[in-house]
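work_32.csv follows; it contains CSV, C-alpha atoms and all ligand atoms.
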```csv
chain,number,residue,atom,x,y,z
A,1,GLY,CA,112.4,69.4,104.3
A,2,ALA,CA,109.2,68.2,102.6
A,3,ALA,CA,107.5,67.5,106.0
A,4,GLU,CA,107.7,71.1,107.1
A,5,LEU,CA,106.3,72.3,103.7
A,6,GLY,CA,103.1,70.3,104.1
A,7,PRO,CA,100.9,70.8,101.0
A,8,TYR,CA,103.0,73.7,99.8
A,9,ARG,CA,105.6,73.8,97.0
A,10,HIS,CA,107.8,76.5,98.6
A,11,PHE,CA,108.3,78.2,101.9
A,12,MET,CA,107.2,81.4,100.4
A,13,GLN,CA,103.8,79.9,99.5
A,14,LYS,CA,103.5,78.4,102.9
A,15,GLU,CA,104.3,81.7,104.5
A,16,ILE,CA,101.8,83.6,102.4
A,17,PHE,CA,99.1,81.1,103.6
A,18,GLU,CA,100.2,81.4,107.2
A,19,GLN,CA,99.3,85.1,107.3
A,20,PRO,CA,95.9,84.6,109.0
A,21,ARG,CA,97.7,82.7,111.8
A,22,ALA,CA,100.6,85.2,111.9
A,23,ILE,CA,98.3,88.3,112.2
A,24,GLY,CA,96.1,86.5,114.8
A,25,ASP,CA,99.2,85.7,116.9
A,26,THR,CA,100.6,89.2,116.5
A,27,LEU,CA,97.4,90.7,117.8
A,28,GLN,CA,96.9,88.0,120.5
A,29,GLY,CA,96.4,89.3,123.9
A,30,VAL,CA,95.6,92.9,122.7
A,31,GLU,CA,92.5,93.5,124.7
A,32,GLY,CA,92.6,97.3,124.3
A,33,ILE,CA,94.8,100.0,123.0
A,34,SER,CA,97.4,101.4,125.4
A,35,PRO,CA,101.0,102.7,125.0
A,36,GLU,CA,102.2,100.0,127.4
A,37,LEU,CA,101.7,97.5,124.5
A,38,PHE,CA,105.1,98.9,123.5
A,39,GLY,CA,106.8,98.5,126.9
A,40,ASP,CA,107.1,100.2,130.2
A,41,GLY,CA,107.4,104.0,130.0
A,42,ALA,CA,105.8,104.2,126.6
A,43,TYR,CA,103.1,106.6,127.7
A,44,LYS,CA,105.7,109.1,128.8
A,45,VAL,CA,107.5,108.8,125.5
A,46,PHE,CA,104.4,109.1,123.4
A,47,LYS,CA,103.4,112.2,125.5
A,48,ASP,CA,106.7,113.9,124.7
A,49,ILE,CA,107.0,113.3,121.0
A,50,ASP,CA,106.0,115.8,118.3
A,51,SER,CA,106.9,113.6,115.2
A,52,VAL,CA,107.9,110.2,114.1
A,53,LEU,CA,111.0,109.2,112.1
A,54,ILE,CA,110.8,105.7,110.6
A,55,LEU,CA,114.0,103.9,109.5
A,56,ALA,CA,114.1,100.6,107.6
A,57,CYS,CA,115.3,98.7,104.5
A,58,GLY,CA,113.6,96.7,101.8
A,59,THR,CA,110.1,95.4,102.4
A,60,SER,CA,110.3,96.8,106.0
A,61,TYR,CA,110.7,100.2,104.5
A,62,TYR,CA,107.5,99.8,102.6
A,63,ALA,CA,105.7,98.9,105.8
A,64,GLY,CA,107.0,102.2,107.1
A,65,CYS,CA,105.7,104.1,104.1
A,66,THR,CA,102.3,102.6,104.7
A,67,ALA,CA,102.4,103.6,108.4
A,68,LYS,CA,103.1,107.2,107.5
A,69,TYR,CA,99.6,107.5,106.0
A,70,TRP,CA,98.1,106.0,109.1
A,71,LEU,CA,100.2,108.1,111.6
A,72,GLU,CA,99.4,111.4,109.9
A,73,SER,CA,95.7,110.7,109.2
A,74,ILE,CA,94.7,108.8,112.4
A,75,ALA,CA,97.2,110.0,115.0
A,76,GLY,CA,97.7,113.4,113.5
A,77,ILE,CA,101.5,113.2,114.0
A,78,SER,CA,104.0,114.4,111.4
A,79,THR,CA,105.9,111.4,110.1
A,80,GLN,CA,109.0,110.9,108.0
A,81,VAL,CA,110.1,107.6,106.5
A,82,GLU,CA,113.7,107.1,105.4
A,83,ILE,CA,115.8,104.3,104.0
A,84,ALA,CA,118.3,103.4,106.7
A,85,SER,CA,121.3,103.4,104.4
A,86,GLU,CA,120.5,106.9,103.3
A,87,TYR,CA,119.8,108.3,106.7
A,88,ARG,CA,122.9,107.0,108.3
A,89,TYR,CA,125.2,108.8,105.8
A,90,ARG,CA,123.5,112.1,105.3
A,91,ASP,CA,123.5,115.3,107.2
A,92,SER,CA,120.0,115.7,108.7
A,93,VAL,CA,118.3,118.0,111.2
A,94,PRO,CA,117.9,116.0,114.4
A,95,ASN,CA,114.7,116.4,116.5
A,96,PRO,CA,115.1,115.1,120.1
A,97,ARG,CA,111.3,115.1,120.3
A,98,SER,CA,110.9,112.7,117.4
A,99,LEU,CA,110.1,109.0,118.0
A,100,VAL,CA,112.6,107.0,116.1
A,101,VAL,CA,110.9,103.8,114.9
A,102,THR,CA,113.0,101.0,113.2
A,103,ILE,CA,111.2,98.3,111.4
A,104,THR,CA,113.0,95.0,110.8
A,105,GLN,CA,112.1,91.4,110.5
A,106,SER,CA,115.4,90.0,111.6
A,107,GLY,CA,116.5,92.8,114.0
A,108,GLU,CA,120.0,92.3,112.6
A,109,THR,CA,120.1,94.4,109.4
A,110,ALA,CA,123.4,96.3,109.5
A,111,ASP,CA,122.2,99.5,107.9
A,112,THR,CA,119.1,99.7,110.1
A,113,LEU,CA,121.1,99.2,113.3
A,114,ALA,CA,123.6,101.8,112.1
A,115,ALA,CA,120.8,104.2,111.3
A,116,LEU,CA,119.4,103.8,114.8
A,117,LYS,CA,122.8,104.4,116.4
A,118,HIS,CA,123.3,107.5,114.2
A,119,ALA,CA,119.9,108.9,115.3
A,120,ARG,CA,121.0,108.3,118.9
A,121,SER,CA,124.3,110.0,118.4
A,122,LEU,CA,122.4,113.0,117.2
A,123,GLY,CA,120.6,113.1,120.6
A,124,MET,CA,117.4,111.2,119.7
A,125,GLU,CA,116.6,109.1,122.7
A,126,HIS,CA,113.0,108.0,122.0
A,127,THR,CA,113.5,104.7,120.2
A,128,LEU,CA,111.1,101.9,119.3
A,129,THR,CA,111.3,98.9,117.1
A,130,ILE,CA,108.8,96.7,115.3
A,131,CYS,CA,110.7,93.5,115.1
A,132,ASN,CA,110.0,89.8,114.5
A,133,VAL,CA,112.9,88.5,116.7
A,134,ALA,CA,112.7,89.2,120.4
A,135,THR,CA,116.3,88.2,121.0
A,136,SER,CA,117.8,90.4,118.3
A,137,ALA,CA,120.3,93.2,118.5
A,138,MET,CA,117.6,95.7,117.5
A,139,VAL,CA,115.3,94.8,120.4
A,140,ARG,CA,118.2,95.1,122.8
A,141,GLU,CA,119.2,98.5,121.4
A,142,CYS,CA,115.7,100.2,121.5
A,143,LYS,CA,113.9,101.4,124.5
A,144,LEU,CA,110.5,100.3,123.3
A,145,ALA,CA,109.5,97.4,121.1
A,146,TYR,CA,106.6,95.5,119.6
A,147,ILE,CA,107.4,91.9,118.7
A,148,THR,CA,105.5,90.6,115.7
A,149,ARG,CA,104.7,86.9,115.8
A,150,ALA,CA,105.1,85.9,112.2
A,151,GLY,CA,107.3,83.0,113.3
A,152,ILE,CA,110.5,82.1,111.5
A,153,GLU,CA,110.4,83.3,107.9
A,154,ILE,CA,112.5,81.2,105.5
A,155,GLY,CA,111.6,82.6,102.0
A,156,VAL,CA,114.0,85.4,101.2
A,157,ALA,CA,111.1,87.5,99.8
A,158,SER,CA,109.3,88.7,102.9
A,159,THR,CA,105.5,88.1,103.1
A,160,LYS,CA,104.2,87.3,106.6
A,161,ALA,CA,106.8,89.5,108.2
A,162,PHE,CA,105.5,92.4,106.2
A,163,SER,CA,101.8,92.0,107.0
A,164,THR,CA,102.5,91.5,110.7
A,165,GLN,CA,104.7,94.6,110.7
A,166,LEU,CA,101.7,96.5,109.3
A,167,ALA,CA,99.5,95.1,112.2
A,168,GLY,CA,102.1,96.3,114.7
A,169,LEU,CA,102.4,99.7,113.1
A,170,PHE,CA,98.6,100.0,113.1
A,171,LEU,CA,98.6,99.4,116.9
A,172,LEU,CA,101.3,102.0,117.2
A,173,THR,CA,99.2,104.5,115.3
A,174,LEU,CA,96.2,103.8,117.6
A,175,ALA,CA,98.3,104.1,120.8
A,176,ILE,CA,99.8,107.4,119.7
A,177,ALA,CA,96.4,108.6,118.6
A,178,GLN,CA,95.0,107.7,122.0
A,179,THR,CA,97.8,109.5,123.8
A,180,ARG,CA,97.1,112.6,121.7
A,181,GLY,CA,93.4,112.5,122.5
A,182,ARG,CA,92.5,111.5,119.0
A,183,LEU,CA,91.0,108.1,119.6
A,184,SER,CA,87.5,107.8,121.1
A,185,ASP,CA,86.4,104.7,122.9
A,186,ALA,CA,84.0,104.0,120.1
A,187,GLN,CA,86.7,104.3,117.4
A,188,GLU,CA,89.0,102.1,119.5
A,189,ALA,CA,86.3,99.4,119.7
A,190,GLU,CA,85.7,99.6,116.0
A,191,TYR,CA,89.3,99.3,115.0
A,192,LEU,CA,89.8,96.4,117.5
A,193,ARG,CA,86.9,94.6,115.9
A,194,ALA,CA,88.3,95.1,112.4
A,195,MET,CA,91.7,93.9,113.5
A,196,ARG,CA,90.2,90.8,115.1
A,197,HIS,CA,88.4,90.0,111.9
A,198,LEU,CA,91.6,90.2,109.8
A,199,PRO,CA,92.4,86.5,109.9
A,200,VAL,CA,89.0,85.6,108.5
A,201,ALA,CA,89.2,88.4,105.9
A,202,LEU,CA,92.6,87.1,104.9
A,203,GLN,CA,91.2,83.6,104.3
A,204,GLY,CA,88.8,85.2,101.9
A,205,VAL,CA,91.7,86.8,100.0
A,206,LEU,CA,93.8,83.7,99.9
A,207,ALA,CA,90.8,81.9,98.3
A,208,LEU,CA,91.5,84.1,95.2
A,209,GLU,CA,94.6,82.0,94.4
A,210,PRO,CA,93.2,80.1,91.4
A,211,GLN,CA,92.3,83.4,89.6
A,212,ILE,CA,95.8,84.8,90.3
A,213,ILE,CA,97.4,81.6,88.9
A,214,ALA,CA,95.5,82.2,85.7
A,215,TRP,CA,96.9,85.8,85.5
A,216,SER,CA,100.4,84.5,86.3
A,217,GLN,CA,100.5,82.6,83.0
A,218,ASP,CA,100.3,85.9,81.1
A,219,PHE,CA,102.8,87.6,83.4
A,220,ALA,CA,105.4,84.9,83.1
A,221,LYS,CA,105.8,85.9,79.4
A,222,LYS,CA,106.5,89.6,80.1
A,223,GLN,CA,109.7,91.5,80.5
A,224,ASN,CA,108.3,94.5,82.4
A,225,ALA,CA,105.4,95.4,84.6
A,226,LEU,CA,104.0,98.6,86.1
A,227,PHE,CA,102.2,98.8,89.4
A,228,LEU,CA,99.9,101.6,90.3
A,229,GLY,CA,98.3,102.6,93.6
A,230,ARG,CA,97.2,105.8,95.3
A,231,GLY,CA,97.3,106.9,98.9
A,232,LEU,CA,97.6,104.1,101.5
A,233,HIS,CA,98.0,101.7,98.6
A,234,TYR,CA,100.9,103.3,96.9
A,235,PRO,CA,103.3,101.6,99.2
A,236,ILE,CA,101.4,98.4,98.6
A,237,ALA,CA,102.1,98.8,94.8
A,238,LEU,CA,105.8,99.4,95.7
A,239,GLU,CA,105.8,96.2,97.6
A,240,GLY,CA,104.1,94.3,94.8
A,241,ALA,CA,106.7,95.5,92.3
A,242,LEU,CA,109.5,94.5,94.7
A,243,LYS,CA,108.1,91.0,95.2
A,244,LEU,CA,107.8,90.5,91.4
A,245,LYS,CA,111.3,91.6,90.6
A,246,GLU,CA,112.9,89.7,93.6
A,247,ILE,CA,111.6,86.3,92.6
A,248,SER,CA,110.6,86.3,89.0
A,249,TYR,CA,113.3,88.7,87.7
A,250,ILE,CA,110.8,90.6,85.7
A,251,HIS,CA,111.6,94.3,85.8
A,252,ALA,CA,108.8,96.0,87.7
A,253,GLU,CA,108.2,99.6,88.9
A,254,ALA,CA,105.6,101.1,91.0
A,255,TYR,CA,104.2,104.6,90.7
A,256,PRO,CA,101.6,106.6,92.5
A,257,ALA,CA,98.9,106.6,89.8
A,258,GLY,CA,98.8,110.4,89.7
A,259,GLU,CA,102.4,110.4,88.5
A,260,LEU,CA,101.6,108.3,85.4
A,261,LYS,CA,101.4,111.3,83.1
A,262,HIS,CA,104.7,112.6,84.3
A,263,GLY,CA,106.8,109.8,82.8
A,264,PRO,CA,105.8,106.1,83.0
A,265,LEU,CA,102.9,106.6,80.5
A,266,ALA,CA,105.6,106.8,77.8
A,267,LEU,CA,106.4,103.1,78.6
A,268,VAL,CA,102.8,101.8,78.2
A,269,ASP,CA,102.0,99.7,75.1
A,270,SER,CA,100.4,96.3,74.6
A,271,GLU,CA,103.4,94.6,76.0
A,272,MET,CA,103.2,96.4,79.4
A,273,PRO,CA,100.9,94.9,82.0
A,274,VAL,CA,99.7,97.5,84.5
A,275,VAL,CA,98.7,96.1,87.9
A,276,THR,CA,96.4,98.4,89.7
A,277,VAL,CA,95.5,98.3,93.4
A,278,ALA,CA,92.0,99.7,93.4
A,279,PRO,CA,90.2,99.5,96.7
A,280,ASN,CA,86.9,101.4,96.9
A,281,ASP,CA,88.2,104.4,98.8
A,282,ALA,CA,88.0,108.1,98.3
A,283,LEU,CA,90.5,107.9,95.4
A,284,VAL,CA,88.9,105.2,93.3
A,285,ASP,CA,87.4,107.7,90.8
A,286,LYS,CA,90.8,109.3,90.2
A,287,LEU,CA,92.3,105.9,89.8
A,288,LYS,CA,89.6,105.0,87.2
A,289,SER,CA,90.7,107.9,85.1
A,290,ASN,CA,94.3,106.9,85.4
A,291,MET,CA,93.3,103.4,84.2
A,292,GLN,CA,91.5,105.0,81.2
A,293,GLU,CA,94.8,106.7,80.2
A,294,VAL,CA,96.5,103.3,80.2
A,295,LYS,CA,93.8,101.6,78.2
A,296,ALA,CA,93.8,104.4,75.6
A,297,ARG,CA,97.5,103.5,75.0
A,298,GLY,CA,96.8,99.8,74.5
A,299,GLY,CA,98.1,98.7,77.9
A,300,GLU,CA,96.6,95.6,79.6
A,301,LEU,CA,95.2,96.4,83.0
A,302,TYR,CA,95.2,93.9,85.8
A,303,VAL,CA,93.0,95.3,88.6
A,304,PHE,CA,92.6,94.2,92.2
A,305,ALA,CA,89.3,95.9,93.0
A,306,ASP,CA,87.0,95.6,96.0
A,307,ALA,CA,83.6,93.9,95.9
A,308,ASP,CA,81.9,97.3,95.5
A,309,SER,CA,84.4,99.2,93.4
A,310,ARG,CA,82.2,99.1,90.2
A,311,ILE,CA,85.2,98.4,88.0
A,312,GLU,CA,84.1,95.8,85.4
A,313,SER,CA,86.1,93.4,83.2
A,314,GLU,CA,86.2,94.4,79.5
A,315,PRO,CA,88.7,93.8,76.7
A,316,GLY,CA,92.1,95.0,78.0
A,317,VAL,CA,90.9,95.1,81.6
A,318,HIS,CA,91.1,92.1,83.9
A,319,VAL,CA,89.5,92.4,87.3
A,320,ILE,CA,89.9,90.3,90.4
A,321,ARG,CA,87.5,91.3,93.1
A,322,MET,CA,88.6,91.3,96.7
A,323,PRO,CA,85.9,90.0,99.0
A,324,GLU,CA,85.3,93.0,101.2
A,325,HIS,CA,86.4,96.6,101.5
A,326,TYR,CA,88.5,97.1,104.7
A,327,GLY,CA,88.9,100.8,105.3
A,328,ALA,CA,92.2,101.8,106.9
A,329,LEU,CA,93.4,98.2,107.3
A,330,SER,CA,92.9,97.5,103.6
A,331,PRO,CA,96.7,97.4,102.8
A,332,ILE,CA,97.0,94.3,104.9
A,333,LEU,CA,94.6,92.5,102.6
A,334,HIS,CA,95.6,94.1,99.3
A,335,VAL,CA,99.2,93.1,99.6
A,336,VAL,CA,98.3,89.4,99.6
A,337,PRO,CA,97.2,89.0,96.0
A,338,LEU,CA,100.4,90.8,94.9
A,339,GLN,CA,102.4,88.3,96.9
A,340,LEU,CA,100.6,85.5,95.2
A,341,LEU,CA,101.0,87.0,91.8
A,342,ALA,CA,104.7,87.3,92.2
A,343,TYR,CA,104.9,83.8,93.6
A,344,HIS,CA,103.0,82.1,90.8
A,345,THR,CA,104.7,84.1,88.1
A,346,ALA,CA,108.1,83.0,89.5
A,347,CYS,CA,106.9,79.4,89.6
A,348,ALA,CA,105.8,79.6,86.0
A,349,ARG,CA,109.2,80.9,85.1
A,350,GLY,CA,110.9,78.2,87.1
A,351,THR,CA,113.1,80.4,89.3
A,352,ASP,CA,114.4,79.5,92.7
A,353,VAL,CA,111.6,81.1,94.6
A,354,ASP,CA,112.8,80.7,98.2
A,355,LYS,CA,116.4,81.6,97.3
A,356,PRO,CA,116.4,84.2,94.5
A,357,ARG,CA,119.8,84.8,92.9
A,358,ASN,CA,122.1,87.4,94.5
A,359,LEU,CA,119.8,88.1,97.5
A,360,ALA,CA,120.1,87.2,101.2
A,361,LYS,CA,117.5,86.9,103.8
A,362,SER,CA,119.3,89.1,106.3
A,363,VAL,CA,121.9,91.6,105.3
A,364,THR,CA,124.1,91.8,108.4
A,365,VAL,CA,127.1,93.4,106.6
A,366,GLU,CA,127.1,96.6,104.7
A,401,LIG,C1,116.8,91.7,102.9
A,401,LIG,C2,115.6,90.8,102.7
A,401,LIG,C3,114.3,91.5,102.6
A,401,LIG,C4,114.1,92.4,103.8
A,401,LIG,C5,115.3,93.4,104.0
A,401,LIG,C6,115.3,94.0,105.4
A,401,LIG,O1,117.0,92.5,101.7
A,401,LIG,O2,115.8,90.0,101.5
A,401,LIG,O3,113.2,90.6,102.5
A,401,LIG,O4,113.0,93.2,103.6
A,401,LIG,O5,116.5,92.6,104.0
A,401,LIG,O6,115.4,93.1,106.4
A,401,LIG,P1,114.9,93.3,107.8
A,401,LIG,O7,115.2,92.0,108.5
A,401,LIG,O8,115.6,94.4,108.4
A,401,LIG,O9,113.4,93.5,107.8
```
Represent the structure of the file as structure tokens.
Ligand code: G6P
Amino acid sequence: GAAELGPYRHFMQKEIFEQPRAIGDTLQGVEGISPELFGDGAYKVFKDIDSVLILACGTSYYAGCTAKYWLESIAGISTQVEIASEYRYRDSVPNPRSLVVTITQSGETADTLAALKHARSLGMEHTLTICNVATSAMVRECKLAYITRAGIEIGVASTKAFSTQLAGLFLLTLAIAQTRGRLSDAQEAEYLRAMRHLPVALQGVLALEPQIIAWSQDFAKKQNALFLGRGLHYPIALEGALKLKEISYIHAEAYPAGELKHGPLALVDSEMPVVTVAPNDALVDKLKSNMQEVKARGGELYVFADADSRIESEPGVHVIRMPEHYGALSPILHVVPLQLLAYHTACARGTDVDKPRNLAKSVTVE
């Protein structure tokens, strides 16, 4: 009811604004990195594994795609991410030394549960879940777990569950890195400091809402949108496109920016807004040349840059500056303006934001 919504128009908006609290709660009590954050016996499991297999659906799958970048670069462990409904029905090569990680807000998604059981039936016994519901079937089924503390999520389009999953997956990355001797005490302290600062950093991002509302007025008139990102932020572009299509019903697609020339560039004209996730990381110069390709074809660019990205607004290029560059944890900040863009675009189009047509919060049947 209205009382629960407080000053917000929809649960989705409320949940977007709850993210500083949700991340703070998810990291509450984490004084240091250790495998035991994931349950008794985790050290032994992390010692035995030689790879990670992530299984999930929907937004949770995109959290897994982000984690792959972290796990391979920080923990140095080979990682595969697979959509649960694909994995459960295909012939695959089982590896008993792989850590099977399921990611699920509800802990009840039928395909993800079936994928876990399939992995187990193939002899994979090392199982761990990142889940938002401690009493769920998934938590009962997995040996190890990290419970995110997003709180109940009502909006069908997942927001705070996603960012808290990323926080849990980052902890998992650090715990595996530590077990493999790849995390110095100094690095551990630095990552913990950055994680503890996330709630404050998120407040700075949420303060961009008025600028995003202004953009949403243009977006509401579009039929299509492209989202671009590179590296760690490619999955964030995927998640931004998913949010937009789920609630505004605008057709949106995400591409790793380097793939632009292999197809999607043919779609770019003055009617195609191109949203670009452009943190100031090692790939920013490559991204700038991808943006040039869009501009040369008359596409309108909407860029989420960092304070120090040196990407300037000009005709055809709209820039919103994120308050600070956040290194490895940057995806947790960069997803927020994409959530807000989808939300306000949907509001401008008058759709049923919290209950988009044809979709369910939790898909417990196949
Ligand atoms: C549904 C929801 C999505 C969610 C997906 C996976 O499609 O609408 O928001 O990402 O299920 O749900 P899970 O509970 O497993 O994370």
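Residue nearest ligand LIG 401 (chain A) within the list A:Cys347, A:Ala360, A:Leu265, A:Val139: A:Ala360 [criterion: smallest interatomic distance, only C-alpha atoms and all ligand atoms].
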Nearby residues (all atoms listed in the file) at most 8 Å from range 125-131 of chain A, same-chain spacing under 6 positions excluded, as a list in words: Phe38, Val45, Pro96, Arg97, Ser98, Leu99, Val100, Val101, Thr102, Ile103, Thr104, Gln105, Ser106, Gly107, Met138, Val139, Cys142, Lys143, Leu144, Ala145, Tyr146, Ile147, Thr148, Gln165, Gly168 and Leu169 of chain A
Given 9 Å and only C-alpha atoms and all ligand atoms, residues near ligand LIG 401 (chain A) as a PyMOL selection string: chain A and resi 56-62+102-113+131-132+155-159+161-162+243+246+359-364
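One finds CA of Phe170 in chain A at 9.2 Å from CA of Met195 in chain A.
Our summary of the geometry notes that CA of Gln217 in chain A is positioned 6.8 Å from CA of Ala348 in chain A.
When CA of Val317 in chain A is paired with CA of Ser248 in chain A, their separation reads 22.8 Å.
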Distance query Ala307 in chain A at most 7 Å, only C-alpha atoms, self and fewer than 6 positions along chain excluded, as a ChimeraX atom specification: /A:321-325
Shell of 12 Å around Ala305 in chain A, all atoms listed in the file, local chain residues under 2 positions omitted, as a ChimeraX atom specification: /A:205,229,233,275-281,284,287-288,301-303,307-313,317-326,330,333-334,337
Nearby residues (all atoms listed in the file) at most 10 Å from Leu238 in chain A, same-chain spacing under 4 positions excluded, as a JSON list (two decimals) with C-alpha atoms, in the coordinates of the input:
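Output (selection-v5.json):
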```
[["chain", "number", "residue", "atom", "x", "y", "z"],
["A", 59, "THR", "CA", 110.10, 95.40, 102.40],
["A", 62, "TYR", "CA", 107.50, 99.80, 102.60],
["A", 65, "CYS", "CA", 105.70, 104.10, 104.10],
["A", 226, "LEU", "CA", 104.00, 98.60, 86.10],
["A", 227, "PHE", "CA", 102.20, 98.80, 89.40],
["A", 228, "LEU", "CA", 99.90, 101.60, 90.30],
["A", 229, "GLY", "CA", 98.30, 102.60, 93.60],
["A", 233, "HIS", "CA", 98.00, 101.70, 98.60],
["A", 234, "TYR", "CA", 100.90, 103.30, 96.90],
["A", 242, "LEU", "CA", 109.50, 94.50, 94.70],
["A", 243, "LYS", "CA", 108.10, 91.00, 95.20],
["A", 252, "ALA", "CA", 108.80, 96.00, 87.70],
["A", 253, "GLU", "CA", 108.20, 99.60, 88.90],
["A", 254, "ALA", "CA", 105.60, 101.10, 91.00],
["A", 255, "TYR", "CA", 104.20, 104.60, 90.70],
["A", 256, "PRO", "CA", 101.60, 106.60, 92.50],
["A", 335, "VAL", "CA", 99.20, 93.10, 99.60]]
```
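If all atoms listed in the file are the atoms counted, then among A:Gln13, A:Ser73, A:Gln19, A:Thr351 the closest residue to Thr173 in chain A is A:Ser73.
With distances taken over all atoms listed in the file, A:Ser216 is the one residue among A:Ser216, A:Asn224, A:Thr79, A:Gln187 lying closest to Leu340 in chain A.
Proximity ranking of A:Ser78, A:Asn95, A:Ser51, A:Thr26 relative to Gly151 in chain A places A:Thr26 first, based on all atoms listed in the file.
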Residue among A:Glu293, A:Glu209, A:Asp91, A:Asp218 lying closest to Lys261 in chain A, counting only C-alpha atoms: A:Glu293
Selection as an NGL selection string: residues within 10 Å of (91.6, 95.6, 126.5), counting all atoms listed in the file: :A and (29-34 or 188-189 or 192)
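Nearest residue to Ile176 in chain A among A:Gly6, A:Pro315, A:Pro273, A:Gly76 is A:Gly76, counting all atoms listed in the file.
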Will you model N, CA and C atoms for range 239-255 of chain A and pass it back as a short mmCIF file (atom, residue, chain, number, x, y, z; two decimals), keeping the file's coordinate frame?
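So the final result, stored in rebuild.cif, reads:
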```
data_model
loop_
_atom_site.label_atom_id
_atom_site.label_comp_id
_atom_site.auth_asym_id
_atom_site.auth_seq_id
_atom_site.Cartn_x
_atom_site.Cartn_y
_atom_site.Cartn_z
N GLU A 239 105.50 97.50 97.12
CA GLU A 239 105.80 96.20 97.60
C GLU A 239 105.51 95.09 96.62
N GLY A 240 104.41 95.24 95.88
CA GLY A 240 104.10 94.30 94.80
C GLY A 240 105.12 94.22 93.75
N ALA A 241 105.61 95.39 93.35
CA ALA A 241 106.70 95.50 92.30
C ALA A 241 107.95 94.83 92.83
N LEU A 242 108.28 95.11 94.10
CA LEU A 242 109.50 94.50 94.70
C LEU A 242 109.41 93.00 94.70
N LYS A 243 108.27 92.47 95.14
CA LYS A 243 108.10 91.00 95.20
C LYS A 243 108.32 90.42 93.79
N LEU A 244 107.70 91.04 92.77
CA LEU A 244 107.80 90.50 91.40
C LEU A 244 109.24 90.48 90.94
N LYS A 245 109.96 91.60 91.15
CA LYS A 245 111.30 91.60 90.60
C LYS A 245 112.24 90.68 91.43
N GLU A 246 112.05 90.61 92.74
CA GLU A 246 112.90 89.70 93.60
C GLU A 246 112.89 88.29 93.11
N ILE A 247 111.71 87.77 92.84
CA ILE A 247 111.60 86.30 92.60
C ILE A 247 111.38 85.89 91.20
N SER A 248 110.80 86.76 90.37
CA SER A 248 110.60 86.30 89.00
C SER A 248 111.58 86.95 88.03
N TYR A 249 112.33 87.95 88.51
CA TYR A 249 113.30 88.70 87.70
C TYR A 249 112.71 89.48 86.58
N ILE A 250 111.43 89.73 86.67
CA ILE A 250 110.80 90.60 85.70
C ILE A 250 110.98 92.06 86.24
N HIS A 251 111.38 92.96 85.35
CA HIS A 251 111.60 94.30 85.80
C HIS A 251 110.22 94.97 86.10
N ALA A 252 110.08 95.43 87.31
CA ALA A 252 108.80 96.00 87.70
C ALA A 252 109.04 97.31 88.45
N GLU A 253 108.14 98.25 88.20
CA GLU A 253 108.20 99.60 88.90
C GLU A 253 106.87 99.94 89.37
N ALA A 254 106.84 100.63 90.48
CA ALA A 254 105.60 101.10 91.00
C ALA A 254 105.53 102.63 90.98
N TYR A 255 104.36 103.16 90.70
CA TYR A 255 104.20 104.60 90.70
C TYR A 255 102.88 104.96 91.43
#
```
